[in-house]
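Following: one structure in structure tokens, then a few remarks.
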Amino acid sequence: MSALNTFELKPLSAMMRVPTITFCLLVAMQGQAQAVQLNGQQKTIGANDQSTDWQLFDLSTLTMDRAVATSIGLTSSTLNMNSGSLANDIRASAGSTVNLDGAQVTSNNTNLGTVRLENSNAFINNSAVTNGSGVGLQSFGTIGSASGSSAQVTNSTISGAIGGAEASSNSELHFKNSVVQGTGTGGFGLRLNGGTATASQSTLVGATDGVLITRGRLANADGKLVLDQTNVEGRTGSAILVSGVQNRAPVATIDVRNGSTLTGGNGNILTVREGASATVNVDDSRLFGNVLVDGTSTAHLNLQNKAELTGQLQNVYSLSVGNASSWHMTGDSQVGALNLAGGTVTMGAADAFYQLNVNTLSGEGTFVMGTDFAQGKTDFINVTGEATGNHSLALAASGAEVVKTQVVHTGGGDAEFSLLGGPVDMGAYAYDLKKEGTDWYLDTQKRVASRSTRVAMAVFNTAPTIMYGEEASLRARMGELRFEPGVAGLWIRGFGNKYDVSASSGSAYKQDQRGFSIGADMPLVDSQWLVGVMAGHSTSELNLARGSSGTVKSYFVGAYATWMDQESGFYFDAVAKANRFQNEAKTTLSDATTTKGNYNNVGGSVSAEFGRNIKLDDGWFVEPYARLSTIVVQGGNYSLKNGLQVEGERTRSRVGEAGATVGRDIQLDSGTIVQPYLRAALVHEFANDNKVSVNNQTFKNDLSGSRTKFGAGVAVKLSQNLQMHADLETSASNKIDQVFGANLGVRYSF
């Protein structure tokens with residue numbers, strides 16, 4: 001039997017019609033004929049006084065100091081139960097006052113509460129009120145009275161088998177740091193039959209429903225509940241149940257504030273039924289559970305001040321989601337009027353897809369929607385009536401390719417929908433919204449490369465600049481070789497490069513490279529040839545827009561040969577190099593989620609440079625040169641974690657370079673020779689068709705074209721055996737800019 005039915009069967013409503021004298025006579029008939037009576041008297045009893053019943057009339061006062069009593073009835077009187085005092089039950093009427101401080105009141109009365117207030121007041125502090133068979137605390141008014149009863153409960157426990165506490169019309173219950181609990185089968189924590197209750201830093205628990213709000217036959221006021229930092233739990237039912245009874249429909253107002261929580265054992269934080277109406281204002285609280293409203297009832301929900309609601313809404317008449325507040329759906333939901341006042345509606349988890357049905361939509365806010373086009377699933381907003389206002393859709397990105405997909409339907413109105421953060425990533429491309437009539441679709445006609453595609457293209461496009469950057473540090477050794485041609489040596493160099501690649505190449509990104517190389521060389525016997533070997537490592541960081549990035553680690557070995565004729569100044573330089581790359585791509589998608597993938601590949605390069613060092617007067621020299629380089633890098637296949645499939649063909653580069661170096665040898669008094677120099681060149685990239693396939697969609701990287709290059713450096717001969725150099729260069733074109741390149745090296749000759 002539910003607590004609501006129990007209440008209807010008990011003669012509580014009838015008792016409210018009975019005058020005070022009738023109430024007293026009833027008490028007397030229940031075995032209190034031997035009660036001690038006070039008529040306008042003051043009495044104090046203590047631990048040594050015999051336990052008995054008491055009846056107080058006409059402004060009497062009974063003070064109990066560690067005393068024990070059975071039943072106590074008050075009419076226009078005052079009861080003070082101090083610390084350590086015990087009683088079985090208390091009945092207060094006609095403006096009486098009950099003060100409990102450190103006391104215990106225990107009863108097993110199924111009809112009357114352990115503490116029953118009728119047009120009276122109670123102040124309960126550090127006390128326990130318990131009813132093993134009925135209700136712990138009752139706050140009522142009498143028929144025809146414009147006022148009821150009031151109870152202030154602090155640091156106390158109120159419990160009862162049928163229910164913890166209840167209040168009728170014009171009566172109030174106020175709890176602070178207290179526990180109110182219904183302990184028996186079907187018991188409620190708190191019942192409001194047209195009464196008002198506030199709870200601060202308290203706990204309200206019912207064996208079925210935590211709080212039950214009804215409307216009695218004689219109720220002339222609507223119930224109101226205010227929860228502040230309070231936990232409400234219905235262990236097998238709803239946290240809050242608002243229910244009409246026999247055509248008597250309550251109209252309840254419920255405020256949930258400052259971190260209060262609602263927990264329903266049946267999954268419902270609020271149930272409204274039987275023609276009832278409830279307005280729930282949630283302020284700075286996070287609620288988890290469903291709101292269920294039957295077809296005869298009405299519910300209005302207002303979320304404000306960082307409030308959060310996670311649950312399913314069924315037949316809610318209106319929902320307002322204020323600024324910084326949010327509703328997280330856990331199932332298909334129905335709302336009559338949805339108003340977004342800067343709030344957010346999240347339509348389920350990433351792997352759950354729900355439909356939101358609303359009659360009207362207004363305001364301005366954001367819908368967070370999931371998509372899985374690999375399975376053809378997406379969240380859907382269905383507005384059967386008019387939609388107004390401006391709303392953003394935060395669609396989940398997907399690695400699968402999109403088909404024409406409807407995400408919003410409206411019955412009319414001037415609402416505007418847009419994608420939060422711009423086009424949404426769907427596989428190889430990103431798509432925007434398109435309106436057709438009163439419906440909104442992802443526009444498959446207008447698309448741009450997705451962020452995942454741009455990162456994949458950037459990683460495949462990076463190998464040539466990595467290999468050229470590594471090789472540049474080796475070419476800079478020519479300044480050292482001019483000092484001591486044909487002499488064996490060991491060398492080490494550190495280098496760094498920064499590139500800025502424009503979108504016209506295929507994908508816009510910035511590349512930061514740093515690394516080192518070491519080597520050794522020796523002259524061939526009776527020859528003008530110098531041969532050597534080298535090895536090294538570099539790391540390149542790729543930075544793309546909106547947090548996407550890539551990393552390429554390169555390990556290389558190589559061999560080189562240099563021929564120099566001291567008499568004519570002609571020289572020839574050849575380099576062959578092999579690389580192993582470890583590539584990683586990390587993409588921040590349009591919905592702010594991330595995905596990544598990695599692969600390894602190898603590459604090789606060959607370059608040849610021919611030039612002449614022409615000596616001029618006063619230590620000056622000019623060195624025109626021409627160079628050809630070619631690079632081939634193995635393709636690669638990999639998948640990003642969001643399912644995106646990436647395949648790159650072989651990457652090729654064919655570069656021609658022509659330029660001149662101008663410098664001077666300066667002899668210092670110490671014997672050190674300093675050789676500053678300047679360089680200018682024209683570089684042309686011939687390769688223009690490096691292809692990348694993303695989900696079988698083909699894209700092209702193209703760094704082809706000419707660029708100008710300028711450099712400056714200095715080579716220093718510190719001693720017969722020790723040389724060093726520093727070199728800087730920069731280049732510019734419409735597709736790729738080398739913001740700077742720098743290398744610093746030391747060579748020891750022997």
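Each chain in the structure tokens gets a letter, A, B and so on, in the order shown; residues start at 1 in every chain, and ligands are counted from 1 in the order they appear.
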Practice prompt. Excluding Phe417 of chain A and residues on its chain fewer than 2 positions from it, collect all residues at most 10 Å away from it, counting only C-alpha atoms, and give them as a list in words.
Written response: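 The residues satisfying every condition are Glu364, Gly365, Thr366, Phe367, Thr388, Gly389, Asn390, His391, Ser392, Leu393, Val408, Asp414, Ala415, Leu419, Leu420, Leu433, Lys434, Lys435 and Trp440 of chain A.
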Fill in: Polymer residues at most 6 Å from segment 660-670 of chain A, only C-alpha atoms, same-chain spacing of 3 or more positions, as a ChimeraX atom specification
/A:619-625,673-680
Worksheet entry | Between atom CA of Ser83 of chain A and atom CA of Ala47 of chain A, distance in Å (one decimal) |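 Answer for the atom CA of Ser83 of chain A to atom CA of Ala47 of chain A separation: 11.2 Å.
Near Glu386 of chain A, within a cut-off of 9 Å and counting only C-alpha atoms, sit the residues Asn359, Thr360, Leu361, Ser362, Thr410, Gly411, Gly412, Gly413, Asp414 and Ala415 of chain A, with same-chain residues fewer than 4 positions away left out.
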Fill in: Contact residues around Val180 of chain A with only C-alpha atoms at 8 Å, ignoring same-chain residues under 3 positions, as a PyMOL selection string
chain A and resi 157-159+164-165+189-190+202-205
The selected residues should be written to file as a PDB file, in the first residue's frame (atoms: N, CA, C and O atoms).
```pdb
ATOM      1  N   THR A 157      16.792  14.529  14.060  1.00  0.00           N
ATOM      2  CA  THR A 157      16.347  13.417  13.229  1.00  0.00           C
ATOM      3  C   THR A 157      14.851  13.221  13.439  1.00  0.00           C
ATOM      4  O   THR A 157      14.390  13.072  14.578  1.00  0.00           O
ATOM      5  N   ILE A 158      14.104  13.221  12.328  1.00  0.00           N
ATOM      6  CA  ILE A 158      12.659  13.017  12.360  1.00  0.00           C
ATOM      7  C   ILE A 158      12.370  11.787  11.516  1.00  0.00           C
ATOM      8  O   ILE A 158      12.709  11.750  10.331  1.00  0.00           O
ATOM      9  N   SER A 159      11.745  10.772  12.100  1.00  0.00           N
ATOM     10  CA  SER A 159      11.492   9.555  11.335  1.00  0.00           C
ATOM     11  C   SER A 159      10.159   8.946  11.729  1.00  0.00           C
ATOM     12  O   SER A 159       9.661   9.147  12.836  1.00  0.00           O
ATOM     13  N   GLY A 164       8.240  10.578   7.525  1.00  0.00           N
ATOM     14  CA  GLY A 164       9.015  11.353   8.473  1.00  0.00           C
ATOM     15  C   GLY A 164       8.263  12.557   8.990  1.00  0.00           C
ATOM     16  O   GLY A 164       8.113  12.742  10.202  1.00  0.00           O
ATOM     17  N   ALA A 165       7.781  13.427   8.071  1.00  0.00           N
ATOM     18  CA  ALA A 165       7.088  14.645   8.487  1.00  0.00           C
ATOM     19  C   ALA A 165       6.080  15.029   7.427  1.00  0.00           C
ATOM     20  O   ALA A 165       6.211  14.672   6.250  1.00  0.00           O
ATOM     21  N   GLY A 189       9.441  10.411   2.916  1.00  0.00           N
ATOM     22  CA  GLY A 189      10.293  11.221   3.772  1.00  0.00           C
ATOM     23  C   GLY A 189       9.551  12.446   4.278  1.00  0.00           C
ATOM     24  O   GLY A 189       9.495  12.711   5.485  1.00  0.00           O
ATOM     25  N   LEU A 190       8.953  13.204   3.335  1.00  0.00           N
ATOM     26  CA  LEU A 190       8.219  14.427   3.673  1.00  0.00           C
ATOM     27  C   LEU A 190       6.978  14.478   2.804  1.00  0.00           C
ATOM     28  O   LEU A 190       7.029  14.206   1.602  1.00  0.00           O
ATOM     29  N   SER A 202      20.270  19.419   4.614  1.00  0.00           N
ATOM     30  CA  SER A 202      19.542  18.321   5.241  1.00  0.00           C
ATOM     31  C   SER A 202      19.390  17.154   4.279  1.00  0.00           C
ATOM     32  O   SER A 202      19.760  17.234   3.103  1.00  0.00           O
ATOM     33  N   THR A 203      18.816  16.067   4.804  1.00  0.00           N
ATOM     34  CA  THR A 203      18.557  14.871   4.015  1.00  0.00           C
ATOM     35  C   THR A 203      17.114  14.448   4.221  1.00  0.00           C
ATOM     36  O   THR A 203      16.656  14.295   5.359  1.00  0.00           O
ATOM     37  N   LEU A 204      16.396  14.267   3.111  1.00  0.00           N
ATOM     38  CA  LEU A 204      15.011  13.804   3.138  1.00  0.00           C
ATOM     39  C   LEU A 204      14.962  12.473   2.406  1.00  0.00           C
ATOM     40  O   LEU A 204      15.258  12.408   1.205  1.00  0.00           O
ATOM     41  N   VAL A 205      14.583  11.398   3.122  1.00  0.00           N
ATOM     42  CA  VAL A 205      14.620  10.059   2.544  1.00  0.00           C
ATOM     43  C   VAL A 205      13.294   9.360   2.781  1.00  0.00           C
ATOM     44  O   VAL A 205      12.779   9.345   3.907  1.00  0.00           O
TER      45      VAL A 205
END
```
Fill in: Nearest to Val746 of chain A by atom-to-atom distance, counting only C-alpha atoms, from A:Gly506, A:Gly343, A:Gly494, A:Gly671
A:Gly494
Discussion item. Can you pull out the residues contacting Gln634 of chain A? Cut-off 9 Å, using only C-alpha atoms, and skip same-chain residues under 5 positions away; I want them as an MDAnalysis selection string.
Written reply: chainID A and resid 601:604 648:651
Worksheet item: In Å, with one decimal, what is the gap from atom CA of Trp529 of chain A to atom CA of Met564 of chain A?
Response: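 It comes out at 6.9 Å.
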Worksheet item: Pick from A:Gly195, A:Gly84, A:Gly132, A:Pro485: nearest to Asn721 of chain A, with only C-alpha atoms counted?
Response: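 Answer, going by the shortest atom-to-atom distance: A:Pro485.
If you look at atom CA of Thr588 of chain A and atom CA of Asp379 of chain A, they are 21.7 Å away from each other.
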Fill in: Selected residue of minimal separation from Ser590 of chain A among A:Arg546, A:Arg747, A:Arg627, A:Arg454, counting only C-alpha atoms
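Between A:Arg546, A:Arg747, A:Arg627, A:Arg454, the residue approaching Ser590 of chain A most closely is A:Arg546.
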Worksheet item: Quick one: residues within 8 Å of segment 261-270 of chain A, only C-alpha atoms counted, chain neighbours fewer than 3 positions away excluded, as a PyMOL selection string?
Response: chain A and resi 208-210+229-242+256+285-292
